[in-house]
Amino acid sequence: MTLAPVLARIDSELPQSVERLFELLRIQSISTDPAFKGDCETAADWLVADLQSLDVTASKRATTGHPMVVGHIDGPKDAPHVLFYGHYDVQPVDPLNLWDNPPFEPRVEDTAKGKVIRARGSSDDKGQLMTFIEACRAWKAVHGALPVKITFFFEGEEESGSPSLIPFMQENAEELKADIALICDTGLFGEETPAIVTRLRGLLGEEIHIHGPSKDLHSGMFGGIAANPARVLAKIIAGLHDDTGRVTVANFYDGVADLPADIAAQWDALGFSPEGFLGEVGLAKPAGEQDRSALEMIWSRPTCEVNGLKSGYTGDGFKTVLPSVAMAKISFRLVSKQDPLEIRKNFRAYVQSMLPSDCTVTFKDHSASPAGEMSTDNPAFQAAQRALSEEWPRAAAFVGCGGSIPIAGHFKTYLGMDALLTGFSKDDDQLHSPNEKYDMESFHKGIRSWARILNELSKT
């Protein structure tokens, strides 16, 4: 099977590809709102029908929530088997008054940077999902077959916490297993550099409540003599980092590996500007570990951050109260082989050690998931890097992800396979916000990119 006619077909059929995407975008598949349950069913039905038009054996699978869509199609004998994952649900559109046009009436708009597709779900994740389906459609139209064996796996609850995902994966593990999972829910680095995510940070969430006096106290009568939970909490938080930005929790850096030299060189070549990155949010100077580069701090180093604080009177005016309770929400982004449960234990021991005798603490568990790291020695990653570098102006880079993408870890945990994450969204796509968009270039070159990746994967 040759690639050139497939790419030509993608180019010539782009208007039809856009119209199919528009059909999916018109479906109001908001997963978190029960009022749109029927629309989620409709979106799943639409995807089943579209896959079946490509001779994929596809079906809608019921869950306790919104349905899954699963499809299978064979490739040549001895060809690799890939699973492609995407989600058809979207975020709510509120506040509706901030949209320039109705969010489920997709349109192509001209902007200073070129044409964009404007609609809820255009970038997250319907547009990205359809880049893969359209690449498969072109291969099928030109050659009558696909170059690899494919399992399609689409869920309808990603934007509402994926409550049905793990049970479904456990119950259908044998059917879903493949050589590698492909995920198109990430973005480019900048405007022209395709990125393959190989590092995902884990996440640990802790909520602490410091309890002191039995009730709020008058600060004139009790200030100075009574333990103040707000002061205690402030001291605990202040002690979590040293003057160089390192986290002080005992054994926090156990299992943290240094960045390999070849990956560090790729990241340096990206030309990332921390001043430009921070300047967009009104800041100027990196505040983390002072001996690390900005991209290391975002992609490959662990963090400890305060996400919320509450104590005493915070309304209008002033109330001279000495609060009885102080609360903080604290999260840790984790990397490499850090153990979230061990860090939870050590963090809680640190908090206990900082308490005066008149104060107590209660803890509330939140998330506790380890980091994920994919080996770039896997031939699939090398194949994807070659393919993407051929399509885009700049060579593809293996990058990290500052956030956490649980689905990639689930594929490893429950199906025993690595996930290759690459996508074509841009930083200004306004994901989860009013006026979400997806660049026409991202959609077009995304389709071409997947066609190239499938071609390269067929050779591995």
# chains A, B, ... in the order shown; residues from 1 in each chain; ligands from 1
call {"tool": "closest_atom_pairs", "arguments": {"of": "region 94-137 of chain A", "to": "region 425-444 of chain A", "cutoff": "9 Å", "atoms": "only C-alpha atoms", "output": "tab-separated table"}}
result
residue	atom	partner	partner_atom	distance
A:Asp94	CA	A:Pro434	CA	7.4
A:Pro95	CA	A:Pro434	CA	7.2
A:Leu96	CA	A:Pro434	CA	7.3
A:Asn97	CA	A:Pro434	CA	8.7
A:Leu98	CA	A:Pro434	CA	5.9
A:Trp99	CA	A:Pro434	CA	5.2
A:Asp100	CA	A:Asn435	CA	6.7
A:Asn101	CA	A:Asn435	CA	7.8
A:Pro103	CA	A:Asn435	CA	7.2
A:Val108	CA	A:Met440	CA	8.2
A:Lys113	CA	A:Asp439	CA	8.8
A:Gly114	CA	A:Asp439	CA	7.6
A:Lys115	CA	A:Met440	CA	5.5
A:Val116	CA	A:Asp439	CA	4.2
A:Ile117	CA	A:Tyr438	CA	5.1
A:Arg118	CA	A:Lys437	CA	4.3
A:Ala119	CA	A:Glu436	CA	5.7
A:Arg120	CA	A:Glu436	CA	5.6
A:Gly121	CA	A:Glu436	CA	7.3
A:Ser122	CA	A:Tyr438	CA	5.5
A:Ser123	CA	A:Tyr438	CA	4.9
A:Asp124	CA	A:Leu431	CA	6.4
A:Gly127	CA	A:Phe443	CA	6.7
A:Gln128	CA	A:Phe443	CA	7.2
A:Met130	CA	A:Phe443	CA	8.4
A:Thr131	CA	A:Phe443	CA	6.2
call {"tool": "write_last_selection", "arguments": {"atoms": "N, CA and C atoms", "output": "compact mmCIF listing (two decimals), in the first residue's frame"}}
result
# COMPACT_ATOMS: atom_id res chain seq x y z
N ASP A 94 -21.74 26.88 29.37
CA ASP A 94 -21.88 28.07 30.20
C ASP A 94 -20.54 28.80 30.35
N PRO A 95 -20.55 30.15 30.41
CA PRO A 95 -21.71 31.04 30.24
C PRO A 95 -22.04 31.26 28.76
N LEU A 96 -23.27 30.97 28.42
CA LEU A 96 -23.69 31.01 27.02
C LEU A 96 -23.56 32.40 26.42
N ASN A 97 -23.74 33.44 27.23
CA ASN A 97 -23.71 34.81 26.70
C ASN A 97 -22.33 35.23 26.22
N LEU A 98 -21.29 34.46 26.56
CA LEU A 98 -19.93 34.81 26.12
C LEU A 98 -19.58 34.18 24.77
N TRP A 99 -20.47 33.37 24.24
CA TRP A 99 -20.25 32.81 22.89
C TRP A 99 -20.66 33.84 21.84
N ASP A 100 -19.85 33.96 20.81
CA ASP A 100 -20.20 34.88 19.72
C ASP A 100 -21.31 34.32 18.84
N ASN A 101 -21.39 32.98 18.78
CA ASN A 101 -22.42 32.30 18.00
C ASN A 101 -22.86 31.06 18.78
N PRO A 103 -23.08 27.59 20.30
CA PRO A 103 -21.94 26.66 20.40
C PRO A 103 -22.11 25.35 19.65
N VAL A 108 -17.06 27.68 9.89
CA VAL A 108 -15.67 28.01 9.58
C VAL A 108 -15.54 29.52 9.62
N LYS A 113 -4.99 34.41 12.06
CA LYS A 113 -4.05 33.29 11.90
C LYS A 113 -4.51 32.26 10.88
N GLY A 114 -5.67 32.49 10.25
CA GLY A 114 -6.17 31.53 9.28
C GLY A 114 -7.56 31.04 9.64
N LYS A 115 -8.04 30.07 8.90
CA LYS A 115 -9.39 29.55 9.12
C LYS A 115 -9.45 28.66 10.35
N VAL A 116 -10.56 28.78 11.10
CA VAL A 116 -10.77 27.92 12.27
C VAL A 116 -12.17 27.35 12.22
N ILE A 117 -12.33 26.20 12.87
CA ILE A 117 -13.65 25.59 13.05
C ILE A 117 -14.11 25.96 14.45
N ARG A 118 -15.23 26.67 14.53
CA ARG A 118 -15.70 27.20 15.81
C ARG A 118 -16.93 26.43 16.28
N ALA A 119 -16.83 25.77 17.44
CA ALA A 119 -17.96 25.04 18.02
C ALA A 119 -17.48 24.36 19.29
N ARG A 120 -18.42 24.06 20.18
CA ARG A 120 -18.06 23.26 21.35
C ARG A 120 -17.70 21.84 20.90
N GLY A 121 -16.54 21.37 21.36
CA GLY A 121 -16.06 20.05 20.99
C GLY A 121 -15.19 20.04 19.74
N SER A 122 -15.02 21.20 19.10
CA SER A 122 -14.25 21.22 17.86
C SER A 122 -12.81 20.76 18.09
N SER A 123 -12.24 21.11 19.24
CA SER A 123 -10.88 20.69 19.57
C SER A 123 -10.86 19.58 20.59
N ASP A 124 -11.79 19.63 21.55
CA ASP A 124 -11.80 18.68 22.66
C ASP A 124 -13.13 17.94 22.72
N GLY A 127 -13.07 17.03 17.10
CA GLY A 127 -12.21 17.32 15.95
C GLY A 127 -11.00 16.42 15.92
N GLN A 128 -10.39 16.20 17.07
CA GLN A 128 -9.21 15.34 17.15
C GLN A 128 -9.59 13.88 16.84
N MET A 130 -11.99 12.82 15.00
CA MET A 130 -12.31 12.65 13.59
C MET A 130 -11.10 12.71 12.68
N THR A 131 -9.99 13.30 13.15
CA THR A 131 -8.78 13.26 12.30
C THR A 131 -8.38 11.81 12.04
call {"tool": "residues_around", "arguments": {"residues": "Val6 (chain A)", "least_positions_apart": "3", "cutoff": "9 Å", "atoms": "only C-alpha atoms", "output": "ChimeraX atom specification"}}
result
/A:2-3,9-11,135,138-143,448,451
call {"tool": "write_last_selection", "arguments": {"atoms": "N, CA and C atoms", "output": "PDB file, in the first residue's frame"}}
result
ATOM      1  N   THR A   2       0.618   2.170  -0.908  1.00  0.00           N
ATOM      2  CA  THR A   2       1.413   3.378  -1.001  1.00  0.00           C
ATOM      3  C   THR A   2       0.699   4.540  -0.330  1.00  0.00           C
ATOM      4  N   LEU A   3       1.481   5.489   0.192  1.00  0.00           N
ATOM      5  CA  LEU A   3       0.944   6.598   0.974  1.00  0.00           C
ATOM      6  C   LEU A   3       0.475   7.767   0.117  1.00  0.00           C
ATOM      7  N   ARG A   9      -5.986  11.938  -1.572  1.00  0.00           N
ATOM      8  CA  ARG A   9      -7.416  11.759  -1.301  1.00  0.00           C
ATOM      9  C   ARG A   9      -7.856  12.632  -0.121  1.00  0.00           C
ATOM     10  N   ILE A  10      -7.039  12.684   0.930  1.00  0.00           N
ATOM     11  CA  ILE A  10      -7.351  13.529   2.087  1.00  0.00           C
ATOM     12  C   ILE A  10      -7.490  14.984   1.663  1.00  0.00           C
ATOM     13  N   ASP A  11      -6.564  15.446   0.825  1.00  0.00           N
ATOM     14  CA  ASP A  11      -6.609  16.840   0.384  1.00  0.00           C
ATOM     15  C   ASP A  11      -7.867  17.132  -0.435  1.00  0.00           C
ATOM     16  N   ALA A 135      -8.586   9.749   8.430  1.00  0.00           N
ATOM     17  CA  ALA A 135      -7.388   9.109   7.867  1.00  0.00           C
ATOM     18  C   ALA A 135      -7.691   7.672   7.476  1.00  0.00           C
ATOM     19  N   ALA A 138      -9.718   7.587   4.245  1.00  0.00           N
ATOM     20  CA  ALA A 138      -8.922   7.785   3.036  1.00  0.00           C
ATOM     21  C   ALA A 138      -8.166   6.511   2.653  1.00  0.00           C
ATOM     22  N   TRP A 139      -7.581   5.843   3.646  1.00  0.00           N
ATOM     23  CA  TRP A 139      -6.894   4.582   3.351  1.00  0.00           C
ATOM     24  C   TRP A 139      -7.859   3.563   2.742  1.00  0.00           C
ATOM     25  N   LYS A 140      -9.048   3.482   3.327  1.00  0.00           N
ATOM     26  CA  LYS A 140     -10.035   2.507   2.848  1.00  0.00           C
ATOM     27  C   LYS A 140     -10.483   2.844   1.425  1.00  0.00           C
ATOM     28  N   ALA A 141     -10.692   4.133   1.144  1.00  0.00           N
ATOM     29  CA  ALA A 141     -11.167   4.543  -0.180  1.00  0.00           C
ATOM     30  C   ALA A 141     -10.134   4.262  -1.263  1.00  0.00           C
ATOM     31  N   VAL A 142      -8.869   4.447  -0.929  1.00  0.00           N
ATOM     32  CA  VAL A 142      -7.808   4.297  -1.927  1.00  0.00           C
ATOM     33  C   VAL A 142      -7.399   2.839  -2.106  1.00  0.00           C
ATOM     34  N   HIS A 143      -7.234   2.128  -1.002  1.00  0.00           N
ATOM     35  CA  HIS A 143      -6.668   0.775  -1.066  1.00  0.00           C
ATOM     36  C   HIS A 143      -7.665  -0.331  -0.739  1.00  0.00           C
ATOM     37  N   ARG A 448      -3.801  14.050   7.760  1.00  0.00           N
ATOM     38  CA  ARG A 448      -2.611  13.615   7.022  1.00  0.00           C
ATOM     39  C   ARG A 448      -1.591  12.975   7.968  1.00  0.00           C
ATOM     40  N   ALA A 451      -2.610   9.447   8.772  1.00  0.00           N
ATOM     41  CA  ALA A 451      -2.374   8.590   7.606  1.00  0.00           C
ATOM     42  C   ALA A 451      -0.900   8.194   7.529  1.00  0.00           C
TER      43      ALA A 451
END
call {"tool": "atom_distance", "arguments": {"atom1": "CA of Gly271 (chain A)", "atom2": "CA of Gly288 (chain A)"}}
result
19.3 Å
call {"tool": "select_by_dssp", "arguments": {"residues": "region 218-428 of chain A", "states": "strand (DSSP E or B)", "output": "JSON, numbers by chain"}}
result
{"A": [218, 241, 247, 303, 304, 305, 306, 307, 308, 309, 310, 311, 321, 322, 325, 326, 327, 328, 329, 330, 331, 332, 333, 334, 360, 361, 362, 363, 364, 365, 366, 367, 368, 369, 372, 373, 397, 398, 399, 400, 401, 419, 420, 421, 422, 425]}
call {"tool": "write_last_selection", "arguments": {"atoms": "N, CA and C atoms", "output": "compact mmCIF listing (two decimals), in the first residue's frame"}}
result
# COMPACT_ATOMS: atom_id res chain seq x y z
N HIS A 218 -12.66 35.98 70.39
CA HIS A 218 -12.40 37.42 70.27
C HIS A 218 -10.89 37.62 70.34
N HIS A 241 8.57 24.15 51.43
CA HIS A 241 9.63 24.40 50.44
C HIS A 241 10.81 25.07 51.12
N VAL A 247 10.99 20.74 47.64
CA VAL A 247 9.99 20.29 48.61
C VAL A 247 10.70 19.62 49.78
N THR A 303 6.06 18.51 42.09
CA THR A 303 5.71 19.78 42.70
C THR A 303 4.84 19.58 43.93
N CYS A 304 4.77 20.62 44.73
CA CYS A 304 3.84 20.70 45.85
C CYS A 304 3.23 22.09 45.80
N GLU A 305 1.92 22.18 45.67
CA GLU A 305 1.26 23.47 45.52
C GLU A 305 0.03 23.57 46.43
N VAL A 306 -0.22 24.78 46.93
CA VAL A 306 -1.43 25.07 47.70
C VAL A 306 -2.51 25.47 46.71
N ASN A 307 -3.63 24.76 46.73
CA ASN A 307 -4.72 25.03 45.79
C ASN A 307 -5.90 25.75 46.41
N GLY A 308 -5.94 25.80 47.73
CA GLY A 308 -7.05 26.49 48.37
C GLY A 308 -6.79 26.68 49.85
N LEU A 309 -7.26 27.82 50.40
CA LEU A 309 -7.09 28.13 51.81
C LEU A 309 -8.39 28.72 52.35
N LYS A 310 -8.73 28.39 53.60
CA LYS A 310 -9.92 29.00 54.20
C LYS A 310 -9.77 29.00 55.71
N SER A 311 -10.03 30.16 56.31
CA SER A 311 -10.01 30.26 57.76
C SER A 311 -10.57 31.60 58.18
N VAL A 321 -11.73 38.16 64.64
CA VAL A 321 -11.96 36.81 65.16
C VAL A 321 -10.67 36.00 65.12
N LEU A 322 -10.51 35.17 66.12
CA LEU A 322 -9.44 34.18 66.11
C LEU A 322 -10.10 32.85 65.74
N VAL A 325 -10.81 26.92 63.23
CA VAL A 325 -10.37 25.93 62.24
C VAL A 325 -9.69 26.65 61.08
N ALA A 326 -8.68 26.03 60.50
CA ALA A 326 -8.05 26.52 59.27
C ALA A 326 -7.90 25.33 58.32
N MET A 327 -8.20 25.54 57.05
CA MET A 327 -8.21 24.44 56.07
C MET A 327 -7.37 24.79 54.86
N ALA A 328 -6.70 23.79 54.31
CA ALA A 328 -5.96 23.96 53.06
C ALA A 328 -6.11 22.72 52.18
N LYS A 329 -6.13 22.96 50.88
CA LYS A 329 -6.07 21.88 49.90
C LYS A 329 -4.71 21.96 49.23
N ILE A 330 -3.99 20.85 49.26
CA ILE A 330 -2.61 20.81 48.77
C ILE A 330 -2.46 19.65 47.81
N SER A 331 -1.86 19.92 46.65
CA SER A 331 -1.67 18.86 45.66
C SER A 331 -0.20 18.67 45.35
N PHE A 332 0.14 17.46 45.00
CA PHE A 332 1.49 17.10 44.58
C PHE A 332 1.40 16.51 43.17
N ARG A 333 2.13 17.08 42.23
CA ARG A 333 2.31 16.46 40.92
C ARG A 333 3.54 15.56 41.02
N LEU A 334 3.40 14.33 40.57
CA LEU A 334 4.43 13.33 40.79
C LEU A 334 5.05 12.86 39.49
N THR A 360 -5.18 19.98 66.82
CA THR A 360 -5.27 18.65 66.19
C THR A 360 -5.48 18.84 64.70
N VAL A 361 -5.37 17.75 63.95
CA VAL A 361 -5.54 17.82 62.50
C VAL A 361 -6.40 16.66 62.03
N THR A 362 -7.24 16.91 61.04
CA THR A 362 -7.93 15.84 60.32
C THR A 362 -7.54 15.94 58.85
N PHE A 363 -7.46 14.79 58.20
CA PHE A 363 -7.05 14.72 56.80
C PHE A 363 -8.20 14.15 55.97
N LYS A 364 -8.28 14.61 54.76
CA LYS A 364 -9.26 14.07 53.82
C LYS A 364 -8.53 13.62 52.56
N ASP A 365 -8.74 12.37 52.16
CA ASP A 365 -8.11 11.83 50.94
C ASP A 365 -8.73 12.44 49.69
N HIS A 366 -7.88 12.71 48.71
CA HIS A 366 -8.35 13.02 47.37
C HIS A 366 -7.61 12.07 46.42
N SER A 367 -7.23 12.50 45.27
CA SER A 367 -6.62 11.61 44.28
C SER A 367 -5.27 11.08 44.76
N ALA A 368 -4.88 9.92 44.22
CA ALA A 368 -3.57 9.34 44.52
C ALA A 368 -3.18 8.43 43.36
N SER A 369 -2.62 9.02 42.30
CA SER A 369 -2.26 8.24 41.12
C SER A 369 -0.78 8.47 40.78
N GLY A 372 3.19 8.39 34.86
CA GLY A 372 3.35 7.43 33.77
C GLY A 372 4.49 7.86 32.86
N GLU A 373 5.26 6.90 32.43
CA GLU A 373 6.37 7.20 31.52
C GLU A 373 6.47 6.10 30.48
N ALA A 397 8.86 16.21 18.51
CA ALA A 397 9.64 16.08 19.75
C ALA A 397 8.90 15.20 20.74
N PHE A 398 9.67 14.44 21.51
CA PHE A 398 9.12 13.72 22.65
C PHE A 398 9.04 14.70 23.82
N VAL A 399 7.87 14.91 24.36
CA VAL A 399 7.69 15.93 25.39
C VAL A 399 7.03 15.32 26.62
N GLY A 400 6.96 16.12 27.66
CA GLY A 400 6.23 15.75 28.85
C GLY A 400 4.91 16.47 28.89
N CYS A 401 4.13 16.16 29.90
CA CYS A 401 2.84 16.82 30.10
C CYS A 401 2.76 17.23 31.56
N ALA A 419 0.71 3.78 25.89
CA ALA A 419 -0.13 4.69 25.11
C ALA A 419 0.76 5.72 24.42
N LEU A 420 0.46 5.97 23.16
CA LEU A 420 1.16 6.99 22.38
C LEU A 420 0.20 8.17 22.24
N LEU A 421 0.56 9.29 22.84
CA LEU A 421 -0.31 10.46 22.83
C LEU A 421 0.23 11.51 21.89
N THR A 422 -0.54 11.84 20.88
CA THR A 422 -0.18 12.95 20.01
C THR A 422 -1.46 13.59 19.51
N SER A 425 -4.16 20.10 18.77
CA SER A 425 -4.77 21.33 19.29
C SER A 425 -3.68 22.37 19.54
call {"tool": "residues_around", "arguments": {"residues": "region 33-44 of chain A", "least_positions_apart": "3", "cutoff": "12 Å", "atoms": "only C-alpha atoms", "output": "MDAnalysis selection string"}}
result
chainID A and resid 21 23:30 47:51 58:71 86:94 104 121 126 153:160
call {"tool": "residues_around", "arguments": {"residues": "region 255-262 of chain A", "least_positions_apart": "4", "cutoff": "12 Å", "atoms": "only C-alpha atoms", "output": "number ranges by chain"}}
result
A: 199, 201, 251, 266-269, 292-293, 295-297, 299-303, 333-340, 342-343, 370-371, 373, 375-376, 397-400
call {"tool": "residues_around", "arguments": {"residues": "His81 (chain A)", "least_positions_apart": "2", "cutoff": "6 Å", "atoms": "only C-alpha atoms", "output": "VMD selection string"}}
result
chain A and resid 149 to 150 178 to 179
call {"tool": "write_last_selection", "arguments": {"atoms": "C-alpha atoms", "output": "compact mmCIF listing (two decimals), in the first residue's frame"}}
result
# COMPACT_ATOMS: atom_id res chain seq x y z
CA LYS A 149 -5.45 -3.87 12.50
CA ILE A 150 -7.46 -1.32 14.50
CA ALA A 178 -3.71 -4.37 21.39
CA ASP A 179 -0.01 -3.76 20.77
call {"tool": "residues_around", "arguments": {"residues": "Ala287 (chain A)", "least_positions_apart": "2", "cutoff": "12 Å", "atoms": "only C-alpha atoms", "output": "JSON, numbers by chain"}}
result
{"A": [241, 242, 243, 244, 245, 246, 274, 275, 278, 283, 284, 285, 289, 290, 291, 292, 293, 294, 297, 298, 303, 305]}
call {"tool": "closest_residue", "arguments": {"among": "A:Ser31, A:Ser404, A:Thr320, A:Ser12", "to": "Gly161 (chain A)", "atoms": "only C-alpha atoms"}}
result
A:Ser31
call {"tool": "select_by_dssp", "arguments": {"residues": "region 63-177 of chain A", "states": "alpha helix (DSSP H)", "output": "PyMOL selection string"}}
result
chain A and resi 126-143+165-171+173-176
call {"tool": "atom_distance", "arguments": {"atom1": "CA of Leu341 (chain A)", "atom2": "CA of Arg231 (chain A)"}}
result
27.5 Å
call {"tool": "closest_residue", "arguments": {"among": "A:Thr32, A:Arg137, A:Ile180, A:Pro323", "to": "Leu217 (chain A)", "atoms": "only C-alpha atoms"}}
result
A:Pro323
call {"tool": "closest_residue", "arguments": {"among": "A:Ile405, A:Cys359, A:Val82, A:Leu204", "to": "Pro229 (chain A)", "atoms": "only C-alpha atoms"}}
result
A:Cys359
call {"tool": "closest_residue", "arguments": {"among": "A:Ser389, A:Thr413, A:Thr57, A:Gln52", "to": "Ile453 (chain A)", "atoms": "only C-alpha atoms"}}
result
A:Ser389
